[in-house]
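Chemist: Sharing data-v5.cif here; it has mmCIF, C-alpha atoms.
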```
data_protein
loop_
_atom_site.label_atom_id
_atom_site.label_comp_id
_atom_site.auth_asym_id
_atom_site.auth_seq_id
_atom_site.Cartn_x
_atom_site.Cartn_y
_atom_site.Cartn_z
CA MET A 631 24.82 79.89 -17.52
CA SER A 632 21.17 79.28 -18.35
CA ALA A 633 20.05 78.26 -21.82
CA ARG A 634 18.41 81.64 -22.21
CA GLU A 635 21.57 83.51 -21.34
CA SER A 636 23.75 81.32 -23.52
CA ALA A 637 21.79 82.39 -26.58
CA THR A 638 22.66 86.05 -26.04
CA ASP A 639 25.91 85.93 -24.07
CA ASP A 640 28.00 84.09 -26.68
CA ASP A 641 31.23 86.05 -26.70
CA ARG A 642 32.91 84.21 -29.54
CA LEU A 643 33.97 86.77 -32.15
CA GLU A 644 31.85 85.11 -34.85
CA ALA A 645 28.78 85.34 -32.60
CA ARG A 646 29.45 89.00 -31.82
CA VAL A 647 29.90 89.72 -35.54
CA GLY A 648 26.64 87.92 -36.24
CA GLN A 649 24.72 89.82 -33.60
CA ARG A 650 26.03 93.15 -34.87
CA LEU A 651 25.29 92.36 -38.52
CA ARG A 652 21.81 91.19 -37.65
CA SER A 653 21.10 94.35 -35.61
CA ALA A 654 22.38 96.55 -38.41
CA GLY A 655 20.54 94.60 -41.13
CA LEU A 656 23.76 94.07 -43.06
CA THR A 657 24.86 91.13 -45.22
CA ILE A 658 28.36 89.70 -45.52
CA ALA A 659 30.41 87.42 -47.76
CA THR A 660 33.88 85.92 -47.50
CA ALA A 661 36.83 85.36 -49.84
CA GLU A 662 39.40 83.05 -48.32
CA SER A 663 42.75 81.78 -49.42
CA SER A 664 44.97 80.67 -46.51
CA THR A 665 42.05 80.23 -44.10
CA GLY A 666 40.49 77.83 -46.63
CA GLY A 667 36.89 78.11 -45.43
CA LEU A 668 37.55 78.57 -41.71
CA ILE A 669 36.02 82.06 -41.58
CA ALA A 670 32.78 80.94 -43.23
CA LYS A 671 32.78 77.78 -41.11
CA ARG A 672 33.01 79.82 -37.90
CA LEU A 673 30.32 82.25 -39.07
CA THR A 674 28.00 79.33 -39.88
CA ASP A 675 28.70 77.60 -36.56
CA ILE A 676 26.20 80.16 -35.27
CA PRO A 677 22.54 79.13 -35.72
CA GLY A 678 20.60 81.67 -37.77
CA SER A 679 23.69 82.89 -39.63
CA SER A 680 21.75 82.67 -42.90
CA ALA A 681 20.21 86.01 -41.88
CA TYR A 682 23.45 87.79 -42.79
CA LEU A 683 25.92 85.39 -44.46
CA ILE A 684 25.11 85.17 -48.17
CA GLY A 685 28.06 83.02 -49.13
CA GLY A 686 31.76 82.76 -49.67
CA VAL A 687 34.54 81.73 -51.95
CA ILE A 688 37.58 79.65 -51.16
CA ALA A 689 40.06 80.86 -53.76
CA TYR A 690 42.90 78.52 -52.94
CA ALA A 691 44.59 78.22 -56.32
CA ASN A 692 45.44 81.38 -58.26
CA ARG A 693 43.16 80.28 -61.06
CA ALA A 694 40.26 80.33 -58.60
CA LYS A 695 41.25 83.85 -57.54
CA ARG A 696 41.21 84.95 -61.17
CA ARG A 697 38.05 83.19 -62.17
CA LEU A 698 35.76 83.88 -59.22
CA LEU A 699 37.12 87.15 -57.87
CA SER A 700 38.24 88.72 -61.17
CA LEU A 701 41.84 89.10 -60.03
CA ASP A 702 44.31 90.12 -62.68
CA GLU A 703 46.93 87.55 -63.71
CA GLN A 704 49.66 90.16 -63.98
CA MET A 705 48.87 91.54 -60.52
CA LEU A 706 49.06 88.04 -59.04
CA VAL A 707 52.44 87.46 -60.65
CA GLU A 708 53.90 90.86 -59.78
CA GLN A 709 52.58 91.24 -56.22
CA GLY A 710 52.30 87.57 -55.32
CA ALA A 711 49.14 85.92 -54.01
CA VAL A 712 50.08 86.93 -50.47
CA SER A 713 50.05 90.71 -50.79
CA GLU A 714 48.12 93.78 -49.72
CA THR A 715 46.85 94.30 -53.26
CA VAL A 716 45.53 90.77 -53.63
CA ALA A 717 43.77 90.89 -50.24
CA ARG A 718 42.15 94.18 -51.24
CA GLU A 719 41.03 92.90 -54.65
CA MET A 720 39.70 89.65 -53.16
CA ALA A 721 37.47 91.59 -50.76
CA ILE A 722 36.27 93.92 -53.51
CA GLY A 723 35.66 90.94 -55.79
CA ALA A 724 33.62 89.08 -53.18
CA ARG A 725 31.52 92.14 -52.37
CA THR A 726 30.63 92.44 -56.04
CA LEU A 727 30.18 88.71 -56.67
CA PHE A 728 27.71 88.22 -53.83
CA GLY A 729 26.11 91.67 -53.89
CA VAL A 730 26.57 92.14 -50.14
CA ASP A 731 27.16 95.09 -47.82
CA LEU A 732 30.49 93.83 -46.44
CA ALA A 733 33.10 91.35 -47.64
CA ILE A 734 36.13 90.07 -45.77
CA SER A 735 39.16 88.39 -47.31
CA VAL A 736 42.31 86.68 -46.11
CA THR A 737 45.47 85.72 -47.95
CA GLY A 738 48.52 84.49 -46.08
CA ILE A 739 51.20 81.90 -45.60
CA ALA A 740 49.80 79.58 -42.95
CA GLY A 741 52.81 77.28 -43.03
CA PRO A 742 54.69 75.11 -42.51
CA ASP A 743 55.68 75.51 -46.18
CA GLY A 744 55.29 78.46 -48.52
CA ALA A 745 57.74 81.03 -47.12
CA THR A 746 59.91 82.96 -49.58
CA ALA A 747 62.98 85.17 -49.19
CA THR A 748 60.78 88.20 -48.51
CA LYS A 749 57.61 86.58 -47.12
CA PRO A 750 57.82 84.59 -43.87
CA VAL A 751 55.41 81.93 -42.63
CA GLY A 752 52.66 83.75 -40.77
CA LEU A 753 52.56 86.76 -43.10
CA THR A 754 48.86 87.49 -43.59
CA PHE A 755 46.78 90.24 -45.14
CA VAL A 756 43.17 90.72 -44.06
CA ALA A 757 40.88 93.05 -45.99
CA LEU A 758 37.38 94.44 -45.53
CA SER A 759 35.38 95.95 -48.38
CA THR A 760 32.44 98.19 -47.42
CA PRO A 761 30.23 100.91 -48.89
CA ARG A 762 32.59 103.41 -47.22
CA GLY A 763 35.82 102.02 -48.59
CA VAL A 764 38.33 99.20 -48.32
CA TRP A 765 40.81 98.57 -45.52
CA VAL A 766 43.71 96.10 -45.33
CA ARG A 767 45.67 95.01 -42.26
CA ARG A 768 49.02 93.20 -42.29
CA PHE A 769 50.06 90.62 -39.71
CA VAL A 770 52.92 88.22 -39.10
CA PHE A 771 51.51 85.48 -36.90
CA GLU A 772 53.94 83.26 -35.04
CA GLY A 773 51.94 80.11 -34.43
CA ASP A 774 51.67 76.84 -36.30
CA ARG A 775 49.43 76.34 -39.34
CA LEU A 776 46.20 75.90 -37.38
CA GLN A 777 46.97 78.75 -34.96
CA ASN A 778 47.85 81.10 -37.81
CA ARG A 779 44.56 80.29 -39.52
CA GLU A 780 42.51 80.83 -36.35
CA GLN A 781 44.30 84.13 -35.70
CA SER A 782 43.63 85.19 -39.29
CA ALA A 783 39.92 84.53 -38.82
CA ASP A 784 39.96 86.40 -35.51
CA ALA A 785 41.60 89.36 -37.24
CA ALA A 786 38.94 89.37 -39.96
CA PHE A 787 36.12 89.31 -37.41
CA GLN A 788 37.80 92.08 -35.40
CA MET A 789 37.99 94.21 -38.53
CA VAL A 790 34.23 93.87 -39.06
CA LEU A 791 33.60 94.83 -35.41
CA ASP A 792 35.92 97.83 -35.73
CA TYR A 793 34.09 98.95 -38.85
CA LEU A 794 30.70 98.60 -37.18
CA ASP A 795 32.07 100.55 -34.19
CA GLY A 796 33.13 103.35 -36.52
CA ALA A 797 36.76 102.69 -35.58
CA LEU A 798 38.12 102.26 -39.10
CA MET B 1186 54.75 58.82 -32.96
CA SER B 1187 57.83 60.36 -34.62
CA ALA B 1188 57.54 63.48 -36.73
CA ARG B 1189 58.32 61.44 -39.81
CA GLU B 1190 55.57 58.94 -39.11
CA SER B 1191 53.05 61.62 -38.23
CA ALA B 1192 53.37 63.06 -41.72
CA THR B 1193 52.30 59.81 -43.33
CA ASP B 1194 50.18 58.08 -40.71
CA ASP B 1195 47.48 60.73 -40.45
CA ASP B 1196 44.24 58.76 -40.51
CA ARG B 1197 41.86 61.70 -40.51
CA LEU B 1198 39.49 61.34 -43.45
CA GLU B 1199 40.62 64.66 -44.96
CA ALA B 1200 44.25 63.49 -44.83
CA ARG B 1201 43.39 60.16 -46.44
CA VAL B 1202 41.44 61.97 -49.16
CA GLY B 1203 44.40 64.26 -49.72
CA GLN B 1204 46.89 61.41 -49.97
CA ARG B 1205 44.68 59.58 -52.46
CA LEU B 1206 44.06 62.66 -54.61
CA ARG B 1207 47.75 63.49 -54.63
CA SER B 1208 48.69 59.93 -55.63
CA ALA B 1209 46.12 59.92 -58.41
CA GLY B 1210 47.03 63.42 -59.62
CA LEU B 1211 43.43 64.58 -59.27
CA THR B 1212 42.04 68.00 -58.35
CA ILE B 1213 38.97 68.73 -56.27
CA ALA B 1214 36.57 71.57 -55.45
CA THR B 1215 33.75 72.00 -52.96
CA ALA B 1216 30.25 73.47 -52.98
CA GLU B 1217 28.86 73.82 -49.48
CA SER B 1218 25.57 74.95 -48.09
CA SER B 1219 24.85 73.55 -44.61
CA THR B 1220 28.51 72.75 -43.86
CA GLY B 1221 29.31 76.41 -44.57
CA GLY B 1222 33.00 75.97 -45.35
CA LEU B 1223 33.77 73.11 -42.96
CA ILE B 1224 34.68 70.68 -45.75
CA ALA B 1225 37.17 73.06 -47.35
CA LYS B 1226 38.47 74.05 -43.91
CA ARG B 1227 39.19 70.40 -43.05
CA LEU B 1228 40.81 69.76 -46.44
CA THR B 1229 43.05 72.81 -45.96
CA ASP B 1230 43.96 71.84 -42.39
CA ILE B 1231 46.35 69.49 -44.19
CA PRO B 1232 49.66 71.09 -45.23
CA GLY B 1233 50.24 70.83 -48.97
CA SER B 1234 46.53 70.66 -49.80
CA SER B 1235 47.07 73.25 -52.52
CA ALA B 1236 48.35 70.33 -54.63
CA TYR B 1237 44.77 69.13 -55.13
CA LEU B 1238 42.25 71.62 -53.70
CA ILE B 1239 41.59 74.31 -56.29
CA GLY B 1240 38.85 76.10 -54.40
CA GLY B 1241 35.32 76.08 -53.13
CA VAL B 1242 32.07 77.91 -52.88
CA ILE B 1243 29.93 78.47 -49.83
CA ALA B 1244 26.50 78.88 -51.35
CA TYR B 1245 24.58 79.66 -48.20
CA ALA B 1246 21.77 81.82 -49.57
CA ASN B 1247 19.76 80.61 -52.55
CA ARG B 1248 20.92 83.59 -54.56
CA ALA B 1249 24.52 82.40 -54.09
CA LYS B 1250 23.48 78.93 -55.32
CA ARG B 1251 21.94 80.49 -58.41
CA ARG B 1252 24.70 82.94 -59.14
CA LEU B 1253 27.83 80.85 -58.55
CA LEU B 1254 26.61 77.33 -59.27
CA SER B 1255 24.08 78.13 -62.00
CA LEU B 1256 21.18 76.58 -60.12
CA ASP B 1257 17.76 77.18 -61.58
CA GLU B 1258 15.38 79.35 -59.53
CA GLN B 1259 12.38 77.16 -60.37
CA MET B 1260 14.23 74.00 -59.32
CA LEU B 1261 15.17 75.60 -56.00
CA VAL B 1262 11.56 76.58 -55.37
CA GLU B 1263 10.04 73.26 -56.46
CA GLN B 1264 12.57 70.87 -54.91
CA GLY B 1265 13.73 73.04 -52.02
CA ALA B 1266 17.36 73.91 -51.31
CA VAL B 1267 17.72 70.69 -49.29
CA SER B 1268 17.04 68.11 -51.97
CA GLU B 1269 18.76 65.44 -54.01
CA THR B 1270 18.45 67.54 -57.16
CA VAL B 1271 20.05 70.61 -55.61
CA ALA B 1272 22.94 68.58 -54.15
CA ARG B 1273 23.53 67.04 -57.57
CA GLU B 1274 23.44 70.37 -59.41
CA MET B 1275 25.71 72.02 -56.83
CA ALA B 1276 28.38 69.35 -57.39
CA ILE B 1277 28.04 69.59 -61.15
CA GLY B 1278 28.17 73.39 -60.95
CA ALA B 1279 31.32 73.38 -58.82
CA ARG B 1280 33.08 70.91 -61.08
CA THR B 1281 32.41 73.20 -64.03
CA LEU B 1282 33.16 76.45 -62.19
CA PHE B 1283 36.58 75.34 -60.97
CA GLY B 1284 37.49 73.06 -63.87
CA VAL B 1285 38.44 70.20 -61.56
CA ASP B 1286 38.34 66.40 -61.74
CA LEU B 1287 36.05 65.94 -58.72
CA ALA B 1288 33.59 68.16 -56.89
CA ILE B 1289 31.75 67.44 -53.65
CA SER B 1290 28.65 69.23 -52.39
CA VAL B 1291 26.51 69.24 -49.29
CA THR B 1292 23.07 70.66 -48.64
CA GLY B 1293 21.21 69.88 -45.44
CA ILE B 1294 19.34 71.09 -42.40
CA ALA B 1295 22.00 71.32 -39.70
CA GLY B 1296 19.56 72.61 -37.10
CA PRO B 1297 18.40 73.60 -34.62
CA ASP B 1298 16.02 75.55 -36.90
CA GLY B 1299 15.02 74.93 -40.51
CA ALA B 1300 12.94 71.75 -40.30
CA THR B 1301 9.73 71.59 -42.32
CA ALA B 1302 6.73 69.24 -42.32
CA THR B 1303 8.52 66.88 -44.70
CA LYS B 1304 12.20 67.64 -43.96
CA PRO B 1305 13.59 66.97 -40.48
CA VAL B 1306 16.65 68.51 -38.85
CA GLY B 1307 19.60 66.36 -39.89
CA LEU B 1308 18.34 65.66 -43.41
CA THR B 1309 21.40 65.99 -45.62
CA PHE B 1310 22.28 65.28 -49.24
CA VAL B 1311 25.91 64.76 -50.23
CA ALA B 1312 26.90 64.63 -53.90
CA LEU B 1313 30.03 63.84 -55.86
CA SER B 1314 30.53 64.87 -59.48
CA THR B 1315 33.24 63.04 -61.44
CA PRO B 1316 34.26 62.31 -65.02
CA ARG B 1317 32.38 58.99 -64.66
CA GLY B 1318 29.12 60.45 -63.40
CA VAL B 1319 27.38 61.98 -60.41
CA TRP B 1320 26.31 60.27 -57.20
CA VAL B 1321 24.10 61.51 -54.36
CA ARG B 1322 23.67 60.04 -50.90
CA ARG B 1323 20.89 60.90 -48.44
CA PHE B 1324 21.32 60.96 -44.67
CA VAL B 1325 19.32 61.90 -41.62
CA PHE B 1326 21.86 62.73 -38.93
CA GLU B 1327 20.70 62.78 -35.33
CA GLY B 1328 23.25 65.03 -33.65
CA ASP B 1329 23.28 68.72 -32.85
CA ARG B 1330 24.23 71.41 -35.36
CA LEU B 1331 27.98 70.95 -35.04
CA GLN B 1332 27.78 67.14 -35.03
CA ASN B 1333 25.52 67.12 -38.09
CA ARG B 1334 27.97 69.33 -39.94
CA GLU B 1335 30.98 67.18 -39.02
CA GLN B 1336 29.11 64.04 -40.05
CA SER B 1337 28.17 65.70 -43.34
CA ALA B 1338 31.83 66.46 -44.03
CA ASP B 1339 32.79 62.89 -43.08
CA ALA B 1340 30.19 61.58 -45.51
CA ALA B 1341 31.54 63.74 -48.32
CA PHE B 1342 35.10 62.55 -47.71
CA GLN B 1343 33.94 58.92 -47.55
CA MET B 1344 32.23 59.36 -50.90
CA VAL B 1345 35.49 60.52 -52.49
CA LEU B 1346 37.34 57.54 -50.98
CA ASP B 1347 34.64 55.16 -52.24
CA TYR B 1348 34.91 56.65 -55.71
CA LEU B 1349 38.71 56.32 -55.72
CA ASP B 1350 38.31 52.73 -54.49
CA GLY B 1351 36.02 51.99 -57.43
CA ALA B 1352 33.19 51.31 -54.98
CA LEU B 1353 30.66 53.71 -56.46
#
```
Kindly present the structure from the file in structure tokens form.

Modeler:
Amino acid sequence: MSARESATDDDRLEARVGQRLRSAGLTIATAESSTGGLIAKRLTDIPGSSAYLIGGVIAYANRAKRRLLSLDEQMLVEQGAVSETVAREMAIGARTLFGVDLAISVTGIAGPDGATATKPVGLTFVALSTPRGVWVRRFVFEGDRLQNREQSADAAFQMVLDYLDGAL
Amino acid sequence: MSARESATDDDRLEARVGQRLRSAGLTIATAESSTGGLIAKRLTDIPGSSAYLIGGVIAYANRAKRRLLSLDEQMLVEQGAVSETVAREMAIGARTLFGVDLAISVTGIAGPDGATATKPVGLTFVALSTPRGVWVRRFVFEGDRLQNREQSADAAFQMVLDYLDGAL
């Protein structure tokens, strides 16, 4: 592959997301719990990502979720940090906080610890907040901690591509 | 290496930082520009990192630096986003925002683009805000984008270890 081709033929999901956002003139922000910065890291692996990535929040502790993303204490207690509602509110909170077109969020149990009676390791919610609405997808990944985190990031990028394809 | 040893003999910098923070009962937060989430990602690669990592901010665009970390617009314009002052204020801002003991920040020019007449690719400022004061270190890394980012994260972790060793 020539240097010229490699600049346009990068088929990593984060590169495809970047190309699509750039073409559409859209901005994006992230709100990450279980992925802990991996999604933003992968987006910023791509040179020129400052054209569309405004910023992100790693809301690892619940107090960070409350403080930065305006999540309600009672909701966190009742639903648990790993829940559809929290994923949804994290994405909405990030879209507002950064004033962007799109915001993606992830909350999950990456493992090896953290499972509960009703929530297994690998349970992950990925959300996308947009001008047209908010979507949440639920997964139970079956890898180890690092694999579950990479798959969570992949799922978030795929959700952005699906939205931009009109498939949501 | 047995499973038992591998849990304690992890000599990655992020694991050593985690062990030291856990032993000292200290919390940490991150404020990242050029590393774009890599520092938090590496910290959260380590199982159990929720014991000390409260959260982080990826302040990629200047408006994210202003909004989340309370950076002054005039300072950003006069000093430039890649400057000792901005690194310092990012660390101070993150320590306040998350209410943690320690906060680390990075701002730099990871490349391949972004160099100016006075600021080369690789120029990076790493700061640490603590109860005992704030320190900033300046580097000019000579790798590619990914290498410069990894070296920036290494430098941030080393700064925390130096602080905990009383060497700052």

Chemist: Which residues come within 12 Å of Tyr682 of chain A, counting all atoms listed in the file, excluding same-chain residues fewer than 4 positions away, as a PyMOL selection string?

Modeler: (chain A and resi 644-645+647-660+670+673-674+676-678+686+728+730-733) or (chain B and resi 1245-1246)

Chemist: Would you kindly report the residues of chain B within 10 Å of chain A, using all atoms listed in the file, as a ChimeraX atom specification?

Modeler: /B:1214-1250,1252-1253,1282-1284,1295-1299,1330-1331,1334

Chemist: Please give chain A as a short mmCIF file (atom, residue, chain, number, x, y, z; two decimals) with C-alpha atoms, in the frame of the given file, after it has been superposed on chain B by least squares over all Cα atoms paired in order.

Modeler:
```cif
data_model
loop_
_atom_site.label_atom_id
_atom_site.label_comp_id
_atom_site.auth_asym_id
_atom_site.auth_seq_id
_atom_site.Cartn_x
_atom_site.Cartn_y
_atom_site.Cartn_z
CA MET A 631 54.56 58.44 -32.96
CA SER A 632 57.64 59.99 -34.53
CA ALA A 633 57.46 63.18 -36.57
CA ARG A 634 58.29 61.16 -39.65
CA GLU A 635 55.48 58.72 -39.07
CA SER A 636 52.98 61.43 -38.23
CA ALA A 637 53.41 62.92 -41.69
CA THR A 638 52.27 59.71 -43.37
CA ASP A 639 50.10 58.02 -40.75
CA ASP A 640 47.47 60.76 -40.45
CA ASP A 641 44.23 58.82 -40.48
CA ARG A 642 41.88 61.77 -40.49
CA LEU A 643 39.51 61.40 -43.45
CA GLU A 644 40.64 64.71 -44.96
CA ALA A 645 44.27 63.55 -44.83
CA ARG A 646 43.41 60.22 -46.44
CA VAL A 647 41.44 62.03 -49.16
CA GLY A 648 44.41 64.32 -49.71
CA GLN A 649 46.89 61.49 -49.97
CA ARG A 650 44.70 59.63 -52.45
CA LEU A 651 44.08 62.70 -54.61
CA ARG A 652 47.75 63.55 -54.63
CA SER A 653 48.72 59.98 -55.63
CA ALA A 654 46.13 59.96 -58.39
CA GLY A 655 47.04 63.46 -59.62
CA LEU A 656 43.44 64.61 -59.29
CA THR A 657 42.05 68.04 -58.36
CA ILE A 658 38.97 68.76 -56.27
CA ALA A 659 36.57 71.59 -55.46
CA THR A 660 33.75 72.01 -52.97
CA ALA A 661 30.24 73.49 -52.99
CA GLU A 662 28.85 73.83 -49.50
CA SER A 663 25.57 74.97 -48.09
CA SER A 664 24.85 73.57 -44.61
CA THR A 665 28.51 72.78 -43.88
CA GLY A 666 29.30 76.45 -44.58
CA GLY A 667 33.00 76.02 -45.37
CA LEU A 668 33.78 73.16 -42.98
CA ILE A 669 34.69 70.71 -45.76
CA ALA A 670 37.16 73.12 -47.37
CA LYS A 671 38.46 74.09 -43.93
CA ARG A 672 39.20 70.45 -43.07
CA LEU A 673 40.82 69.82 -46.45
CA THR A 674 43.05 72.88 -45.98
CA ASP A 675 43.97 71.90 -42.42
CA ILE A 676 46.36 69.54 -44.21
CA PRO A 677 49.66 71.17 -45.25
CA GLY A 678 50.24 70.90 -49.00
CA SER A 679 46.53 70.73 -49.81
CA SER A 680 47.05 73.31 -52.55
CA ALA A 681 48.34 70.40 -54.65
CA TYR A 682 44.78 69.16 -55.15
CA LEU A 683 42.25 71.66 -53.72
CA ILE A 684 41.57 74.35 -56.32
CA GLY A 685 38.84 76.12 -54.41
CA GLY A 686 35.31 76.10 -53.16
CA VAL A 687 32.05 77.92 -52.90
CA ILE A 688 29.91 78.48 -49.85
CA ALA A 689 26.46 78.89 -51.38
CA TYR A 690 24.55 79.66 -48.22
CA ALA A 691 21.75 81.82 -49.58
CA ASN A 692 19.74 80.59 -52.57
CA ARG A 693 20.89 83.58 -54.57
CA ALA A 694 24.48 82.39 -54.12
CA LYS A 695 23.46 78.93 -55.33
CA ARG A 696 21.92 80.47 -58.43
CA ARG A 697 24.67 82.92 -59.17
CA LEU A 698 27.79 80.84 -58.58
CA LEU A 699 26.59 77.32 -59.29
CA SER A 700 24.05 78.12 -62.03
CA LEU A 701 21.16 76.54 -60.14
CA ASP A 702 17.73 77.12 -61.58
CA GLU A 703 15.34 79.30 -59.56
CA GLN A 704 12.36 77.11 -60.38
CA MET A 705 14.21 73.96 -59.32
CA LEU A 706 15.14 75.58 -56.00
CA VAL A 707 11.53 76.54 -55.37
CA GLU A 708 10.03 73.21 -56.44
CA GLN A 709 12.56 70.82 -54.87
CA GLY A 710 13.72 73.02 -52.01
CA ALA A 711 17.35 73.88 -51.31
CA VAL A 712 17.72 70.69 -49.28
CA SER A 713 17.05 68.08 -51.96
CA GLU A 714 18.76 65.40 -54.00
CA THR A 715 18.46 67.51 -57.15
CA VAL A 716 20.04 70.58 -55.61
CA ALA A 717 22.94 68.56 -54.15
CA ARG A 718 23.53 67.01 -57.57
CA GLU A 719 23.42 70.35 -59.40
CA MET A 720 25.70 72.01 -56.83
CA ALA A 721 28.36 69.35 -57.39
CA ILE A 722 28.03 69.58 -61.17
CA GLY A 723 28.15 73.37 -60.96
CA ALA A 724 31.30 73.38 -58.84
CA ARG A 725 33.06 70.90 -61.11
CA THR A 726 32.40 73.19 -64.05
CA LEU A 727 33.12 76.45 -62.21
CA PHE A 728 36.55 75.35 -60.99
CA GLY A 729 37.46 73.07 -63.90
CA VAL A 730 38.43 70.21 -61.57
CA ASP A 731 38.35 66.42 -61.74
CA LEU A 732 36.05 65.95 -58.73
CA ALA A 733 33.58 68.17 -56.89
CA ILE A 734 31.75 67.45 -53.66
CA SER A 735 28.65 69.23 -52.40
CA VAL A 736 26.51 69.24 -49.28
CA THR A 737 23.07 70.66 -48.64
CA GLY A 738 21.21 69.90 -45.43
CA ILE A 739 19.36 71.10 -42.40
CA ALA A 740 22.01 71.32 -39.70
CA GLY A 741 19.59 72.63 -37.09
CA PRO A 742 18.41 73.62 -34.61
CA ASP A 743 16.02 75.55 -36.89
CA GLY A 744 15.02 74.93 -40.48
CA ALA A 745 12.95 71.73 -40.29
CA THR A 746 9.73 71.55 -42.31
CA ALA A 747 6.76 69.18 -42.30
CA THR A 748 8.57 66.82 -44.68
CA LYS A 749 12.23 67.61 -43.95
CA PRO A 750 13.61 66.95 -40.45
CA VAL A 751 16.68 68.50 -38.84
CA GLY A 752 19.63 66.36 -39.88
CA LEU A 753 18.36 65.65 -43.39
CA THR A 754 21.42 65.99 -45.62
CA PHE A 755 22.29 65.27 -49.23
CA VAL A 756 25.92 64.77 -50.24
CA ALA A 757 26.90 64.64 -53.90
CA LEU A 758 30.05 63.84 -55.86
CA SER A 759 30.53 64.88 -59.48
CA THR A 760 33.24 63.04 -61.45
CA PRO A 761 34.26 62.30 -65.03
CA ARG A 762 32.39 58.99 -64.65
CA GLY A 763 29.13 60.42 -63.39
CA VAL A 764 27.38 61.96 -60.41
CA TRP A 765 26.31 60.23 -57.21
CA VAL A 766 24.12 61.50 -54.35
CA ARG A 767 23.70 60.02 -50.88
CA ARG A 768 20.92 60.87 -48.42
CA PHE A 769 21.37 60.96 -44.65
CA VAL A 770 19.37 61.91 -41.59
CA PHE A 771 21.92 62.74 -38.92
CA GLU A 772 20.77 62.81 -35.31
CA GLY A 773 23.30 65.07 -33.64
CA ASP A 774 23.31 68.76 -32.85
CA ARG A 775 24.24 71.45 -35.38
CA LEU A 776 28.00 71.01 -35.06
CA GLN A 777 27.81 67.19 -35.03
CA ASN A 778 25.55 67.16 -38.08
CA ARG A 779 28.00 69.38 -39.95
CA GLU A 780 31.01 67.23 -39.02
CA GLN A 781 29.14 64.08 -40.05
CA SER A 782 28.19 65.72 -43.35
CA ALA A 783 31.85 66.48 -44.05
CA ASP A 784 32.82 62.93 -43.08
CA ALA A 785 30.21 61.60 -45.50
CA ALA A 786 31.56 63.76 -48.32
CA PHE A 787 35.13 62.59 -47.71
CA GLN A 788 33.96 58.96 -47.54
CA MET A 789 32.25 59.38 -50.90
CA VAL A 790 35.51 60.55 -52.48
CA LEU A 791 37.36 57.57 -50.96
CA ASP A 792 34.68 55.18 -52.22
CA TYR A 793 34.96 56.65 -55.70
CA LEU A 794 38.74 56.35 -55.69
CA ASP A 795 38.36 52.75 -54.47
CA GLY A 796 36.07 52.01 -57.41
CA ALA A 797 33.24 51.33 -54.96
CA LEU A 798 30.70 53.73 -56.45
#
```

Chemist: The PyMOL selection byres ((chain A and resi 719) around 9) - which residues does that actually catch in the file I just gave you? List them as a list of chain:residue names.

Modeler: A:Leu699, A:Ser700, A:Leu701, A:Glu714, A:Thr715, A:Val716, A:Ala717, A:Arg718, A:Met720, A:Ala721, A:Ile722, A:Gly723, A:Ala724, A:Ser735, A:Ala757, A:Ser759

Chemist: Produce a file of the selected residues containing C-alpha atoms, as an mmCIF file, in the frame of the given file.

Modeler:
```
data_model
loop_
_atom_site.group_PDB
_atom_site.id
_atom_site.type_symbol
_atom_site.label_atom_id
_atom_site.label_comp_id
_atom_site.auth_asym_id
_atom_site.auth_seq_id
_atom_site.Cartn_x
_atom_site.Cartn_y
_atom_site.Cartn_z
ATOM 1 C CA LEU A 699 37.120 87.150 -57.870
ATOM 2 C CA SER A 700 38.240 88.720 -61.170
ATOM 3 C CA LEU A 701 41.840 89.100 -60.030
ATOM 4 C CA GLU A 714 48.120 93.780 -49.720
ATOM 5 C CA THR A 715 46.850 94.300 -53.260
ATOM 6 C CA VAL A 716 45.530 90.770 -53.630
ATOM 7 C CA ALA A 717 43.770 90.890 -50.240
ATOM 8 C CA ARG A 718 42.150 94.180 -51.240
ATOM 9 C CA MET A 720 39.700 89.650 -53.160
ATOM 10 C CA ALA A 721 37.470 91.590 -50.760
ATOM 11 C CA ILE A 722 36.270 93.920 -53.510
ATOM 12 C CA GLY A 723 35.660 90.940 -55.790
ATOM 13 C CA ALA A 724 33.620 89.080 -53.180
ATOM 14 C CA SER A 735 39.160 88.390 -47.310
ATOM 15 C CA ALA A 757 40.880 93.050 -45.990
ATOM 16 C CA SER A 759 35.380 95.950 -48.380
#
```

Chemist: For the PyMOL selection byres ((chain A and resi 780-786) around 7), applied here, can you spell out every residue it catches as a list in words?

Modeler: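 So the PyMOL selection byres ((chain A and resi 780-786) around 7), applied here, picks out Leu643, Ile669, Ile734, Val756, Leu776, Gln777, Asn778, Arg779, Phe787, Gln788, Met789 and Val790 of chain A.
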
Chemist: Mind pulling up the distance from atom CA of Val1306 of chain B to atom CA of Asp1329 of chain B?

Modeler: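 Pair atom CA of Asp1329 of chain B / atom CA of Val1306 of chain B returns 8.9 Å.
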
Chemist: On this structure, which residues satisfy the PyMOL selection byres ((chain B and resi 1324) around 9), written as a list in words?

Modeler: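 On the file shown, the PyMOL selection byres ((chain B and resi 1324) around 9) covers Gly1293, Gly1307, Leu1308, Thr1309, Phe1310, Val1311, Arg1322, Arg1323, Val1325, Phe1326, Ser1337 and Ala1340 of chain B.
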
Chemist: Grab the atom CA of Ala1300 of chain B to atom CA of Ser1268 of chain B distance for me, in Å with one decimal place.

Modeler: 12.9 Å

Chemist: Rounded to one decimal place, report the atom CA of Gly710 of chain A-atom CA of Trp765 of chain A distance in Å.

Modeler: 18.7 Å

Chemist: Could you give me the centre and size, in Å to one decimal, of an axis-aligned box around all listed atoms of segment 1259-1277 of chain B with 6 Å added on every side, as JSON?

Modeler:
```
{"center_x": 19.2, "center_y": 71.3, "center_z": -55.2, "size_x": 30.3, "size_y": 23.7, "size_z": 23.9}
```
